[in-house]
Every structure is written in C-alpha cells, then in structure tokens.
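Pasting final-v4.cif here (mmCIF, C-alpha atoms and all ligand atoms):
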```cif
data_query
#
loop_
_atom_site.label_atom_id
_atom_site.label_comp_id
_atom_site.auth_asym_id
_atom_site.auth_seq_id
_atom_site.Cartn_x
_atom_site.Cartn_y
_atom_site.Cartn_z
CA MET A 1 -15.99 19.09 -24.59
CA PRO A 2 -16.66 15.34 -25.19
CA ARG A 3 -19.68 13.78 -23.50
CA ALA A 4 -18.94 11.31 -20.66
CA SER A 5 -19.86 8.37 -22.87
CA GLU A 6 -17.20 9.48 -25.39
CA LEU A 7 -14.34 9.72 -22.86
CA THR A 8 -11.70 7.03 -23.36
CA ALA A 9 -8.85 5.88 -21.16
CA VAL A 10 -6.13 3.27 -21.29
CA VAL A 11 -4.87 1.87 -17.99
CA ARG A 12 -1.50 0.11 -18.27
CA GLY A 13 -0.95 -2.41 -15.51
CA CYS A 14 -3.52 -4.63 -13.80
CA GLY A 15 -1.95 -4.86 -10.36
CA PRO A 16 -4.05 -3.74 -7.40
CA THR A 17 -3.63 -0.06 -8.40
CA GLY A 18 -4.37 -0.36 -12.13
CA ALA A 19 -7.36 -2.68 -11.59
CA LEU A 20 -8.88 -0.24 -9.11
CA ALA A 21 -8.08 2.77 -11.33
CA ALA A 22 -10.01 1.18 -14.23
CA LEU A 23 -13.01 0.59 -11.96
CA ALA A 24 -12.75 4.16 -10.66
CA LEU A 25 -12.83 5.65 -14.19
CA ALA A 26 -15.80 3.43 -15.06
CA GLU A 27 -17.64 4.51 -11.91
CA ALA A 28 -16.92 8.13 -12.83
CA GLY A 29 -18.90 7.54 -16.03
CA TRP A 30 -16.14 7.36 -18.63
CA GLY A 31 -17.18 5.70 -21.89
CA LEU A 32 -14.50 3.10 -22.58
CA ILE A 33 -11.60 2.00 -20.40
CA THR A 34 -9.04 -0.44 -21.79
CA LEU A 35 -7.03 -2.21 -19.08
CA GLN A 36 -3.82 -3.85 -20.29
CA ASP A 37 -1.25 -6.12 -18.65
CA PRO A 38 1.35 -8.47 -20.16
CA SER A 39 0.73 -11.02 -17.35
CA PRO A 40 -1.98 -13.65 -17.74
CA ARG A 41 -4.86 -13.72 -15.23
CA GLN A 42 -3.39 -16.56 -13.13
CA ALA A 43 -0.13 -14.65 -12.64
CA LEU A 44 -2.05 -11.56 -11.52
CA LEU A 45 -3.81 -13.62 -8.86
CA ARG A 46 -0.93 -15.81 -7.74
CA ARG A 47 1.16 -13.53 -5.49
CA HIS A 48 1.40 -14.64 -1.84
CA ARG A 49 1.22 -11.39 0.07
CA ALA A 50 -1.11 -9.64 2.42
CA TYR A 51 -1.85 -5.93 2.54
CA ALA A 52 -2.88 -3.79 5.51
CA PHE A 53 -5.74 -1.49 4.49
CA THR A 54 -6.46 1.81 6.16
CA HIS A 55 -9.62 3.94 6.34
CA SER A 56 -8.60 5.96 3.25
CA SER A 57 -8.70 2.71 1.23
CA ARG A 58 -12.00 1.68 2.78
CA ARG A 59 -13.58 5.03 1.85
CA LEU A 60 -12.48 4.63 -1.77
CA LEU A 61 -13.84 1.07 -1.90
CA LEU A 62 -17.13 2.32 -0.45
CA ASN A 63 -17.31 5.10 -3.08
CA LEU A 64 -16.69 2.53 -5.82
CA GLN A 65 -19.31 0.11 -4.38
CA LEU A 66 -16.64 -2.55 -3.87
CA TRP A 67 -16.49 -2.64 -0.08
CA GLN A 68 -19.47 -4.96 0.27
CA ALA A 69 -17.87 -7.61 -1.95
CA LEU A 70 -14.39 -7.28 -0.45
CA SER A 71 -15.04 -6.78 3.28
CA PRO A 72 -16.11 -10.43 3.99
CA ARG A 73 -12.66 -11.46 2.73
CA LEU A 74 -10.77 -8.99 4.93
CA GLU A 75 -9.61 -9.57 8.48
CA PRO A 76 -10.35 -6.52 10.66
CA PHE A 77 -8.08 -5.61 13.55
CA GLU A 78 -9.24 -3.59 16.54
CA GLN A 79 -5.81 -2.72 17.88
CA LEU A 80 -2.50 -1.75 16.41
CA GLN A 81 0.29 -2.19 18.94
CA LEU A 82 3.53 -0.29 18.51
CA ALA A 83 6.61 -1.42 20.47
CA ASP A 84 10.22 -0.25 20.41
CA LEU A 85 12.33 -3.35 21.04
CA GLY A 86 15.53 -1.36 20.58
CA ALA A 87 14.76 0.67 23.70
CA ASP A 88 13.05 -2.20 25.59
CA PRO A 89 14.54 -5.45 24.24
CA GLY A 90 12.48 -8.61 24.58
CA SER A 91 9.45 -6.91 26.11
CA THR A 92 6.21 -5.47 24.79
CA ALA A 93 5.26 -4.06 28.19
CA ALA A 94 5.75 -0.48 26.93
CA ALA A 95 3.80 -0.99 23.69
CA VAL A 96 1.45 1.81 22.55
CA PRO A 97 -1.99 0.45 21.71
CA PHE A 98 -3.91 2.35 19.01
CA THR A 99 -7.59 1.43 19.21
CA THR A 100 -10.82 2.46 17.48
CA ALA A 101 -11.24 5.07 20.26
CA ASP A 102 -8.23 6.85 18.69
CA LEU A 103 -9.95 7.24 15.31
CA SER A 104 -10.90 10.88 14.87
CA ARG A 105 -13.76 10.28 12.43
CA ARG A 106 -15.88 7.79 14.33
CA SER A 107 -16.57 5.10 11.78
CA SER A 108 -19.53 2.75 11.92
CA ASP A 109 -17.04 -0.04 11.32
CA PRO A 110 -15.25 -0.92 14.55
CA ALA A 111 -11.78 -1.57 13.14
CA VAL A 112 -8.48 0.27 13.11
CA GLY A 113 -7.61 -1.43 9.81
CA TRP A 114 -8.07 -4.58 7.75
CA ILE A 115 -5.72 -7.23 6.35
CA GLY A 116 -6.43 -8.69 2.92
CA GLN A 117 -4.68 -11.40 0.94
CA HIS A 118 -3.56 -10.39 -2.55
CA GLN A 119 -5.48 -13.27 -4.22
CA ASP A 120 -8.75 -12.24 -2.53
CA VAL A 121 -8.35 -8.57 -3.38
CA MET A 122 -7.52 -9.27 -7.02
CA ALA A 123 -10.31 -11.87 -7.35
CA VAL A 124 -12.89 -9.26 -6.27
CA LEU A 125 -11.43 -6.53 -8.51
CA LEU A 126 -11.19 -8.83 -11.56
CA ALA A 127 -14.76 -10.10 -11.03
CA ALA A 128 -16.02 -6.49 -10.98
CA ILE A 129 -13.96 -5.70 -14.10
CA ASP A 130 -15.31 -8.78 -15.94
CA GLN A 131 -18.86 -7.65 -15.25
CA HIS A 132 -18.34 -4.05 -16.30
CA PRO A 133 -19.57 -3.39 -19.85
CA ARG A 134 -17.31 -0.31 -20.27
CA ILE A 135 -14.00 -1.94 -19.24
CA ARG A 136 -12.13 -3.97 -21.86
CA LEU A 137 -9.51 -6.25 -20.29
CA GLU A 138 -6.49 -7.15 -22.44
CA LEU A 139 -4.16 -9.58 -20.66
CA GLY A 140 -1.12 -11.55 -21.76
CA ALA A 141 0.51 -9.17 -24.26
CA THR A 142 2.70 -6.07 -23.99
CA PRO A 143 0.62 -3.01 -24.96
CA ALA A 144 1.28 -2.14 -28.61
CA ALA A 145 1.81 1.52 -27.66
CA LEU A 146 4.99 0.46 -25.83
CA GLU A 147 6.44 -1.52 -28.75
CA PRO A 148 9.48 0.22 -30.30
CA GLY A 149 8.40 2.71 -32.97
CA ALA A 150 4.77 2.88 -31.82
CA VAL A 151 3.00 6.20 -32.31
CA ASP A 152 0.36 7.54 -29.94
CA ASN A 153 -2.38 8.90 -32.17
CA GLY A 154 -3.69 11.12 -29.41
CA SER A 155 -7.20 9.72 -29.72
CA ILE A 156 -7.18 8.61 -26.09
CA ASP A 157 -8.25 11.15 -23.47
CA LEU A 158 -6.18 9.69 -20.67
CA VAL A 159 -3.39 7.14 -20.23
CA VAL A 160 -3.00 5.84 -16.68
CA ALA A 161 0.42 4.28 -16.07
CA ALA A 162 -0.04 1.75 -13.26
CA ASP A 163 2.70 -0.53 -14.56
CA GLY A 164 4.67 -0.91 -11.34
CA PRO A 165 8.06 0.20 -10.00
CA GLU A 166 9.94 -0.48 -13.27
CA SER A 167 7.15 1.31 -15.23
CA PRO A 168 7.93 0.94 -18.95
CA THR A 169 5.55 3.87 -19.54
CA ARG A 170 7.50 6.16 -17.20
CA GLN A 171 10.72 5.12 -18.91
CA ALA A 172 9.28 5.61 -22.41
CA LEU A 173 8.26 9.14 -21.40
CA GLY A 174 11.80 9.85 -20.18
CA ILE A 175 10.62 10.68 -16.66
CA ARG A 176 13.49 10.06 -14.26
CA GLN A 177 13.05 9.35 -10.57
CA TRP A 178 14.74 10.11 -7.30
CA GLN A 179 15.49 6.80 -5.69
CA TRP A 180 17.20 5.22 -2.77
CA THR A 181 17.58 1.51 -2.06
CA TYR A 182 17.65 0.63 1.64
CA GLN A 183 20.36 -1.69 2.89
CA GLN A 184 17.52 -3.50 4.59
CA ARG A 185 15.49 -6.00 2.62
CA CYS A 186 12.08 -7.24 3.50
CA LEU A 187 11.06 -10.84 4.13
CA THR A 188 7.43 -11.94 4.16
CA ALA A 189 6.07 -15.26 5.41
CA GLN A 190 2.76 -16.56 6.71
CA ILE A 191 2.85 -18.48 9.96
CA ARG A 192 0.71 -19.78 12.80
CA LEU A 193 1.54 -17.66 15.83
CA ARG A 194 0.43 -17.87 19.44
CA GLY A 195 0.43 -14.83 21.70
CA ALA A 196 -0.42 -12.05 19.21
CA GLY A 197 -3.94 -11.57 20.65
CA ALA A 198 -7.18 -11.73 18.65
CA GLN A 199 -7.65 -8.94 16.12
CA GLN A 200 -4.34 -7.28 16.99
CA ALA A 201 -1.73 -6.07 14.51
CA TRP A 202 1.80 -5.37 15.72
CA GLU A 203 4.55 -3.06 14.49
CA LEU A 204 7.74 -3.98 16.33
CA PHE A 205 10.69 -1.64 15.91
CA ARG A 206 13.85 -3.73 16.10
CA PRO A 207 17.45 -2.53 15.68
CA GLU A 208 17.84 -4.48 12.39
CA GLY A 209 14.57 -3.01 11.05
CA PRO A 210 10.81 -2.96 11.70
CA MET A 211 8.75 -6.15 11.86
CA ALA A 212 4.99 -6.23 11.31
CA LEU A 213 2.68 -9.03 12.45
CA LEU A 214 -0.57 -8.83 10.51
CA PRO A 215 -3.56 -10.99 11.59
CA LEU A 216 -5.07 -13.15 8.84
CA GLY A 217 -7.75 -14.87 10.94
CA GLY A 218 -7.46 -17.59 13.59
CA GLN A 219 -3.81 -17.77 14.58
CA GLN A 220 -2.58 -17.15 11.02
CA VAL A 221 -0.30 -14.12 10.74
CA GLN A 222 1.68 -12.50 7.95
CA VAL A 223 5.17 -11.53 9.11
CA VAL A 224 6.85 -8.60 7.33
CA TRP A 225 10.42 -8.72 8.62
CA SER A 226 12.98 -6.07 7.63
CA ALA A 227 16.65 -6.94 8.06
CA GLY A 228 20.00 -6.76 6.27
CA ALA A 229 20.23 -8.39 2.81
CA ALA A 230 22.55 -11.23 3.93
CA ARG A 231 20.33 -12.11 6.90
CA CYS A 232 17.18 -12.14 4.71
CA ARG A 233 18.87 -14.38 2.12
CA GLN A 234 19.95 -16.76 4.87
CA LEU A 235 16.49 -16.84 6.49
CA GLU A 236 14.88 -17.52 3.13
CA GLY A 237 16.94 -20.67 2.59
CA ILE A 238 17.21 -22.36 6.00
CA GLY A 239 14.08 -24.55 6.00
CA SER A 240 10.91 -24.16 7.99
CA ASP A 241 11.95 -25.44 11.44
CA ALA A 242 15.12 -23.34 11.53
CA PHE A 243 13.18 -20.32 10.25
CA LEU A 244 10.59 -20.65 13.03
CA ASP A 245 13.43 -20.92 15.58
CA ARG A 246 15.08 -17.75 14.30
CA LEU A 247 11.75 -15.96 14.30
CA ALA A 248 11.06 -17.05 17.88
CA GLY A 249 14.50 -15.68 18.82
CA ALA A 250 13.73 -12.33 17.18
CA LEU A 251 10.31 -11.95 18.84
CA PRO A 252 9.54 -11.04 22.45
CA ASP A 253 8.72 -14.03 24.70
CA ARG A 254 4.93 -13.57 24.50
CA PHE A 255 4.93 -14.67 20.82
CA GLN A 256 5.38 -18.33 19.87
CA PRO A 257 5.61 -19.18 16.17
CA ASP A 258 4.14 -22.67 15.65
CA ALA A 259 4.08 -23.53 11.96
CA LEU A 260 4.95 -22.11 8.58
CA ALA A 261 2.03 -21.74 6.13
CA VAL A 262 3.68 -19.77 3.30
CA PRO A 263 7.50 -19.94 3.06
CA PRO A 264 9.61 -16.80 3.38
CA GLN A 265 10.21 -14.64 0.35
CA THR A 266 12.42 -11.55 0.34
CA PHE A 267 12.19 -8.41 -1.73
CA ALA A 268 14.24 -5.24 -2.05
CA VAL A 269 12.86 -2.15 -0.39
CA GLY A 270 13.44 1.31 -1.66
CA LEU A 271 12.27 4.86 -1.65
CA ALA A 272 11.43 6.21 -5.09
CA LEU A 273 9.61 9.21 -6.46
CA ALA A 274 9.09 10.07 -10.12
CA ARG A 275 10.27 13.61 -10.91
CA ARG A 276 6.95 14.29 -12.64
CA LEU A 277 3.61 12.61 -12.05
CA GLN A 278 2.26 13.43 -15.53
CA ALA A 279 3.36 14.09 -19.08
CA GLY A 280 0.92 15.03 -21.84
CA ASN A 281 -2.21 12.91 -21.40
CA THR A 282 -0.46 10.38 -19.14
CA VAL A 283 -0.58 10.20 -15.35
CA LEU A 284 1.59 7.96 -13.15
CA VAL A 285 -0.26 6.16 -10.37
CA GLY A 286 0.78 3.63 -7.73
CA GLU A 287 4.29 2.26 -7.70
CA SER A 288 5.06 3.62 -11.16
CA ALA A 289 5.04 7.01 -9.38
CA HIS A 290 6.40 6.23 -5.91
CA ARG A 291 7.59 3.51 -3.58
CA CYS A 292 8.23 3.49 0.11
CA HIS A 293 9.41 1.21 2.89
CA PRO A 294 6.66 -1.19 4.06
CA VAL A 295 6.84 0.15 7.65
CA GLY A 296 3.37 1.12 8.83
CA GLY A 297 1.73 -0.60 5.83
CA GLN A 298 1.47 2.68 3.90
CA GLY A 299 2.52 1.58 0.38
CA LEU A 300 -0.64 0.26 -1.23
CA ASN A 301 -2.85 2.72 0.66
CA LEU A 302 -0.80 5.57 -0.80
CA CYS A 303 -1.21 3.98 -4.26
CA TRP A 304 -4.97 3.81 -3.73
CA ARG A 305 -5.09 7.46 -2.63
CA ASP A 306 -3.70 8.22 -6.12
CA VAL A 307 -6.74 6.36 -7.42
CA ALA A 308 -9.06 8.30 -5.09
CA VAL A 309 -7.80 11.60 -6.54
CA LEU A 310 -8.02 10.27 -10.09
CA HIS A 311 -11.60 9.20 -9.37
CA ALA A 312 -12.58 12.64 -8.02
CA LEU A 313 -11.06 14.43 -11.03
CA ALA A 314 -12.48 11.94 -13.56
CA ARG A 315 -15.96 12.64 -12.17
CA ARG A 316 -15.46 16.37 -12.64
CA VAL A 317 -14.47 15.69 -16.26
CA SER A 318 -17.48 13.48 -16.96
CA GLN A 319 -19.80 16.07 -15.37
CA GLY A 320 -18.33 18.75 -17.66
CA ARG A 321 -16.75 20.68 -14.76
CA LEU A 322 -13.13 20.08 -15.88
CA PRO A 323 -11.72 19.68 -19.41
CA ALA A 324 -10.20 16.22 -19.91
CA THR A 325 -6.96 17.88 -21.03
CA ALA A 326 -6.62 19.58 -17.63
CA LEU A 327 -6.93 16.36 -15.61
CA PRO A 328 -3.28 15.18 -15.75
CA ARG A 329 -1.84 18.47 -14.44
CA ARG A 330 -4.52 18.77 -11.78
CA TYR A 331 -3.81 15.21 -10.68
CA ALA A 332 -0.06 15.82 -10.44
CA ARG A 333 -0.56 19.01 -8.41
CA ALA A 334 -3.01 17.31 -6.05
CA ARG A 335 -0.74 14.35 -5.30
CA TRP A 336 2.60 15.97 -4.35
CA VAL A 337 1.98 16.81 -0.71
CA ASP A 338 0.50 13.46 0.34
CA VAL A 339 3.14 11.46 -1.54
CA LEU A 340 6.10 13.53 -0.28
CA LEU A 341 4.94 13.56 3.34
CA THR A 342 4.17 9.83 3.38
CA LEU A 343 7.54 8.94 1.85
CA ALA A 344 9.31 11.24 4.30
CA ALA A 345 7.41 9.85 7.31
CA THR A 346 8.16 6.20 6.48
CA ASP A 347 11.81 7.02 5.86
CA LEU A 348 12.07 8.92 9.14
CA LEU A 349 10.52 6.03 11.08
CA VAL A 350 13.00 3.55 9.59
CA ARG A 351 16.00 5.79 10.29
CA LEU A 352 14.91 6.73 13.79
CA PHE A 353 14.10 3.23 15.00
CA SER A 354 16.42 0.84 13.11
CA ASN A 355 19.34 1.25 15.48
CA ARG A 356 20.38 1.27 19.09
CA ALA A 357 21.98 4.74 18.97
CA ALA A 358 22.43 5.80 22.60
CA LEU A 359 21.42 9.40 21.87
CA LEU A 360 18.17 8.41 20.20
CA LEU A 361 16.95 5.88 22.78
CA PRO A 362 15.73 8.44 25.38
CA LEU A 363 14.02 10.42 22.59
CA ARG A 364 12.24 7.30 21.37
CA ARG A 365 11.19 6.33 24.89
CA LEU A 366 9.83 9.85 25.41
CA ALA A 367 7.94 9.77 22.10
CA LEU A 368 6.28 6.44 22.87
CA ALA A 369 5.53 7.41 26.49
CA SER A 370 3.86 10.62 25.22
CA LEU A 371 1.80 8.61 22.75
CA ARG A 372 0.75 6.21 25.51
CA GLN A 373 -0.32 8.98 27.85
CA MET A 374 -1.83 11.54 25.48
CA PRO A 375 -4.94 10.42 23.55
CA VAL A 376 -4.76 13.56 21.42
CA LEU A 377 -1.32 12.54 20.12
CA ARG A 378 -2.55 9.03 19.39
CA ARG A 379 -5.54 10.46 17.51
CA LEU A 380 -3.30 12.73 15.46
CA SER A 381 -0.82 10.02 14.53
CA LEU A 382 -3.47 7.40 13.79
CA GLY A 383 -5.30 10.00 11.70
CA VAL A 384 -2.19 10.55 9.58
CA MET A 385 -1.57 6.80 9.27
CA THR A 386 -5.12 5.94 8.30
CA ASP A 387 -6.31 8.97 6.29
CA GLY A 388 -3.01 10.29 4.97
CA PRO A 389 -1.37 13.57 5.98
CA CYS A 390 -3.70 15.90 4.04
CA PRO A 391 -7.32 15.97 2.83
CA LEU A 392 -8.00 14.66 -0.67
CA PRO A 393 -9.98 16.65 -3.27
CA ARG A 394 -13.67 15.74 -3.55
CA GLY A 395 -15.37 14.77 -6.79
C1 LIG B 1 7.97 -9.58 -3.61
C2 LIG B 1 7.10 -8.48 -3.06
C3 LIG B 1 6.38 -8.73 -1.91
C4 LIG B 1 5.57 -7.70 -1.39
N1 LIG B 1 4.88 -7.97 -0.26
C5 LIG B 1 4.06 -7.03 0.26
C6 LIG B 1 3.32 -7.29 1.43
O1 LIG B 1 3.42 -8.35 2.00
N2 LIG B 1 2.49 -6.31 1.90
C7 LIG B 1 2.36 -5.11 1.26
O2 LIG B 1 1.58 -4.25 1.69
N3 LIG B 1 3.07 -4.82 0.15
C8 LIG B 1 3.91 -5.75 -0.36
N4 LIG B 1 4.63 -5.46 -1.47
C9 LIG B 1 4.43 -4.16 -2.13
C10 LIG B 1 3.12 -4.22 -2.93
O3 LIG B 1 3.13 -5.40 -3.70
C11 LIG B 1 2.98 -2.98 -3.82
O4 LIG B 1 2.77 -1.87 -2.96
C12 LIG B 1 1.79 -3.10 -4.77
O5 LIG B 1 1.89 -4.28 -5.53
C13 LIG B 1 1.75 -1.89 -5.71
O6 LIG B 1 0.72 -2.07 -6.64
P1 LIG B 1 0.80 -1.50 -8.13
O7 LIG B 1 -0.45 -1.99 -8.76
O8 LIG B 1 1.10 -0.05 -8.10
O9 LIG B 1 2.07 -2.20 -8.80
P2 LIG B 1 2.28 -3.74 -9.16
O10 LIG B 1 1.56 -4.61 -8.20
O11 LIG B 1 3.75 -3.91 -9.33
O12 LIG B 1 1.54 -3.91 -10.57
C14 LIG B 1 2.08 -3.45 -11.78
C15 LIG B 1 1.45 -4.23 -12.91
O13 LIG B 1 1.94 -3.66 -14.14
C16 LIG B 1 2.15 -4.71 -15.04
N5 LIG B 1 3.04 -4.28 -16.12
C17 LIG B 1 4.37 -4.37 -16.19
N6 LIG B 1 4.80 -3.91 -17.38
C18 LIG B 1 3.70 -3.50 -18.07
C19 LIG B 1 3.47 -2.92 -19.34
N7 LIG B 1 4.46 -2.71 -20.19
N8 LIG B 1 2.21 -2.60 -19.70
C20 LIG B 1 1.17 -2.87 -18.87
N9 LIG B 1 1.33 -3.43 -17.65
C21 LIG B 1 2.58 -3.73 -17.25
C22 LIG B 1 2.69 -5.84 -14.17
O14 LIG B 1 2.50 -7.11 -14.82
C23 LIG B 1 1.83 -5.70 -12.92
O15 LIG B 1 0.67 -6.51 -12.98
C24 LIG B 1 5.47 -6.44 -2.01
C25 LIG B 1 6.22 -6.20 -3.18
C26 LIG B 1 7.02 -7.20 -3.71
C27 LIG B 1 7.81 -6.93 -4.96
#
```

Conversion result in structure tokens:
Amino acid sequence: MPRASELTAVVRGCGPTGALAALALAEAGWGLITLQDPSPRQALLRRHRAYAFTHSSRRLLLNLQLWQALSPRLEPFEQLQLADLGADPGSTAAAVPFTTADLSRRSSDPAVGWIGQHQDVMAVLLAAIDQHPRIRLELGATPAALEPGAVDNGSIDLVVAADGPESPTRQALGIRQWQWTYQQRCLTAQIRLRGAGAQQAWELFRPEGPMALLPLGGQQVQVVWSAGAARCRQLEGIGSDAFLDRLAGALPDRFQPDALAVPPQTFAVGLALARRLQAGNTVLVGESAHRCHPVGGQGLNLCWRDVAVLHALARRVSQGRLPATALPRRYARARWVDVLLTLAATDLLVRLFSNRAALLLPLRRLALASLRQMPVLRRLSLGVMTDGPCPLPRG
C-alpha cells in the first residue's frame, strides 16, 4: 500500500465542487493533487450567482478548516418561509416558517442556512488552493488526458471528474445518464427588495414554478424564478423597469422590488443522473454525476456531500485503512441513496406544486397546515433539507 505522501490524484474541473474536492484530498493527507480546468482564473470567478448553503455544507467546510475564512462573506438567514401561492394566491399569510428551533442538531451557529455569492466562494477556495503546497493548479488548457488518442498510464491513484453537467470525462468513459429536461427554465437576478424581512429566505410555490428569494445582506436579494421557457426569455430581454414591474406582479403584495442590481439570466433546468458514479480509478462528483431542479437550494449542497464522502474515504486510504483501489467503488456505493432521494424529492416538489390542479390543492393545504402546527414534522423536513436524507460515512 502506498504511503499517504505517495498518493496522487487528478481533479478535473475547478468549479465549486472540484476546487473543494482538491482541498478535501489535500486535507486527507494525499501527496500530490493536480487540479485542472480549461477556464482561466477570471472566468472561474466571474459568474453572477448566489448559492444557499445548508448545515451539511457548513460541516464539511468546518472539517476542511475553510469555514472561518468563508463565513464572514456569507449572509446567514434565521428563517426560511415556505408559501404555496397556488393554493393561497397573493398572500403569504399561510406561510410555514422554519426557524433555528426546528434544527434537530442544535448548532452553535444561529442560522437555518447561509447565502454566498459565487465570486466570494471561489475567491476563498482559490486562495486556499494557491497556498497549499500539495495542490498544483493548472488552468487555461484542456487536460491532456482528454485529448483524442491520450493514454492513461495508470500512475494516478484517483481521478476525480468534477467537470460539470457536460462532463467530458464522463463522456470519454462512455458512462450514459438518465436525464430529463424540465419545460420550466430558471431565471436568476439580483434586486433590491422591500418587505422580505431581515435574515429571511423565501421559497414561494407558484403555479408556473417555484421562486426563491435569497437574502444577500441589506435589502439585496437573489431571485431564482422558475417559469416556462418563453416567459423566461421574454423577462430576460424586457429591460430593468419592465422586469421589476413583472416581478412585482408575480410577488405577493408585501414584497416591493425597487431596483435591479444584476440583470436577469436564464438557464435550463434538468434532472440528470449518471448510470455509474465510478469507472476504474475515476469517480464522478458534483454536476458531472447528477443535476436537479434548484427548488429548495439543494444542488450545490448535494455536490458538496459528494465531496464530504470523498474526503472521509480519502482519509481512510491515507491512514492505511482502505486500499486506494477500493475507494472509487466504495464512493459510488455510498452516494446512491442520498443522490437518488434528493433528486426524487426535488422532482416531487416541482410536480406537486407547479400547478393549480383542483385535486392537489386540498392536499397541499393539508401538508402545509400540518407543517405549521407540528414542530416534529418541521424538524424532520428541515433535517432532510439541511443534512440530506441519510447519514454520511465518517472518516
Ligand atoms: C447559468 C447558471 C446559473 C446558475 N445559478 C445558480 C444559482 O443562482 N444558485 C444555485 O444554487 N445554483 C445555480 N446554478 C447551478 C450551480 O451553478 C451548480 O450547482 C454548480 O455550479 C455545480 O458545481 P460543479 O463544480 O459541480 O460544476 P460547474 O460549476 O459546472 O464546474 C465544472 C467545471 O469543469 C470545468 N471543465 C469543463 N470541461 C473540463 C475539462 N475537459 N477538464 C477539466 N475541467 C473542465 C468547467 O470549466 C467548470 O469550471 C446555476 C447554473 C447555471 C448553468
């Protein structure tokens, strides 16, 4: 068995998942980690999006000693409000508030979740990578191993494919995926909004699709608006005043959008799952392995739970408790349940709430009323949302 200092890994893709995976392998004691991405550094930082982070992501960041650097740049929220505007149009009176009292593991940090801007998250991860003597960062060129005719000489203990939804690595390995593209698309924008309440995040279920309002500090909010493709395209091109008017029309009266800070941008949303999560010495992590609808802000947290499992297994390898050759299969086995259940739950939420079907409305009202009245149900559902549906293996 190689010593920890001799263990080598290549991580393909320096998005939020690949960057964190490289840091996780380094923290686990691996000898040399090469992190590759065809994009230059500025392109990796430039995306205008905000992520909602759950407690499973916070725990991983704490384990990797990154929480201290990142947390000052995150906006905590103390309440997550859930409202069904299909059943109660125009009103948030029947919203279900999830608060820190509904967290089952009492955390010392009084937040239900945190919102972070992509640039801030990547700046912290890249700074940690730059300082790490055992991570070699190769940006701006397609990895030679993916050039046509390239041969893998097998000298690498582990290849981590974190190269996104179109994953060239997954395709080169011939791993197919189950996939489904929603008719809904997703539009994101950053606005100044009155009426959302300090430190409150909102998930509004609307007949055309869910809409999230994520607090960014002050009155700044990221809107994640799901709607039909034609509507999203139209909203993207109508100019800021008309966009704010349409948004005001889509929101209950308590919310007043004031100004546009980052213009709307739409993206396709889909459900995808690779048919295998490993092949040979390669594991698929993040969106190269799975994608889900942004409802409930699960996507990146699910990607980072892949990293949490990789971290736990990589530690076992470096401590001599697991052969490096066994890691990919172990990883794939450990990830199925969480990934499948999270994909199924997001899909169910979208199907159940994106309509005004007369038969479903009483069921939805009953579900939300039960959540409002029964703390145990709120604790259970918030536990699944924030920790994932099943426990992760420990290192
Ligand atoms: C337009 C858009 C807006 C979004 N907005 C939000 C949002 O507001 N909130 C939210 O929570 N989620 C949002 N998402 C989803 C979120 O971005 C993903 O969940 C997240 O980026 C997944 O991270 P990842 O690192 O797995 O993949 P990615 O971020 O896609 O990273 C993959 C990386 O692999 C690199 N790569 C590609 N080919 C190769 C190769 N051959 N070799 C090596 N590297 C390669 C790419 O350059 C990229 O850097 C959005 C997605 C899109 C497309």

Please produce, as a Markdown table, a per-residue contact table for region 101-188 of chain A versus region 273-288 of chain A (criterion: any atom at most 12 Å away, all atoms listed in the file considered), showing the nearest atom pair and its distance in Å to one decimal, sorted by chain then residue number.
```
| residue | atom | partner | partner_atom | distance |
| --- | --- | --- | --- | --- |
| A:Asp152 | CA | A:Asn281 | CA | 10.4 |
| A:Asn153 | CA | A:Asn281 | CA | 11.5 |
| A:Gly154 | CA | A:Asn281 | CA | 8.3 |
| A:Ser155 | CA | A:Asn281 | CA | 10.2 |
| A:Ile156 | CA | A:Asn281 | CA | 8.1 |
| A:Asp157 | CA | A:Asn281 | CA | 6.6 |
| A:Leu158 | CA | A:Asn281 | CA | 5.2 |
| A:Val159 | CA | A:Thr282 | CA | 4.5 |
| A:Val160 | CA | A:Val283 | CA | 5.2 |
| A:Ala161 | CA | A:Leu284 | CA | 4.8 |
| A:Ala162 | CA | A:Val285 | CA | 5.3 |
| A:Asp163 | CA | A:Ser288 | CA | 5.9 |
| A:Gly164 | CA | A:Ser288 | CA | 4.6 |
| A:Pro165 | CA | A:Ser288 | CA | 4.7 |
| A:Glu166 | CA | A:Ser288 | CA | 6.7 |
| A:Ser167 | CA | A:Ser288 | CA | 5.1 |
| A:Pro168 | CA | A:Ser288 | CA | 8.7 |
| A:Thr169 | CA | A:Ser288 | CA | 8.4 |
| A:Arg170 | CA | A:Ser288 | CA | 7.0 |
| A:Gln171 | CA | A:Ser288 | CA | 9.7 |
| A:Ala172 | CA | A:Ala279 | CA | 10.9 |
| A:Leu173 | CA | A:Ala279 | CA | 7.3 |
| A:Gly174 | CA | A:Ala279 | CA | 9.5 |
| A:Ile175 | CA | A:Arg275 | CA | 6.5 |
| A:Arg176 | CA | A:Arg275 | CA | 5.8 |
| A:Gln177 | CA | A:Ala274 | CA | 4.1 |
| A:Trp178 | CA | A:Leu273 | CA | 5.3 |
| A:Gln179 | CA | A:Leu273 | CA | 6.4 |
| A:Trp180 | CA | A:Leu273 | CA | 9.3 |
| A:Thr181 | CA | A:Leu273 | CA | 11.9 |
```

Contacts to ligand LIG 1 (chain B) at 7 Å cut-off (only C-alpha atoms and all ligand atoms) as an MDAnalysis selection string
chainID A and resid 12:18 36:39 44 49:52 142:143 146 162:165 167:169 188 224 265:267 285:288 294 297 299:300 303

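Between Gly270 (chain A) and the residues A:Ala83, A:Leu368, A:Val384, A:Cys186, the shortest atom-to-atom distance, using only C-alpha atoms, involves A:Cys186.
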
Calculated over all atoms listed in the file, which of the candidates A:Asp120, A:Asp245, A:Asp253, A:Glu208 has the smallest distance to Ala69 (chain A)?
A:Asp120

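Between CA of His293 (chain A) and CA of Gln81 (chain A) the interatomic distance comes to 18.8 Å.
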
Quick one: residues within 7 Å of region 58-64 of chain A, all atoms listed in the file counted, chain neighbours fewer than 3 positions away excluded, as JSON, numbers by chain?
{"A": [24, 27, 54, 55, 67, 308]}

Write the residues of the selection above to a file with C-alpha atoms, as a compact mmCIF listing (two decimals), in the frame of the given file.
```txt
# COMPACT_ATOMS: atom_id res chain seq x y z
CA ALA A 24 -12.75 4.16 -10.66
CA GLU A 27 -17.64 4.51 -11.91
CA THR A 54 -6.46 1.81 6.16
CA HIS A 55 -9.62 3.94 6.34
CA TRP A 67 -16.49 -2.64 -0.08
CA ALA A 308 -9.06 8.30 -5.09
```

Within 12 Å of Leu103 (chain A), counting only C-alpha atoms, which residues qualify if same-chain residues fewer than 4 places away don't, as a VMD selection string?
chain A and resid 54 to 55 78 to 80 98 to 99 107 to 113 375 to 387

Which of these, A:Arg291, A:Gln319, A:Cys390, A:Pro257, has the shortest distance to Arg335 (chain A) once you count all atoms listed in the file?
A:Cys390

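One finds CA of Gly140 (chain A) at 4.6 Å from CA of Pro40 (chain A).
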
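Minimum distance to Phe243 (chain A) across A:Gly86, A:Pro215, A:Pro263, A:Gly228 (counting all atoms listed in the file) occurs at A:Pro263.
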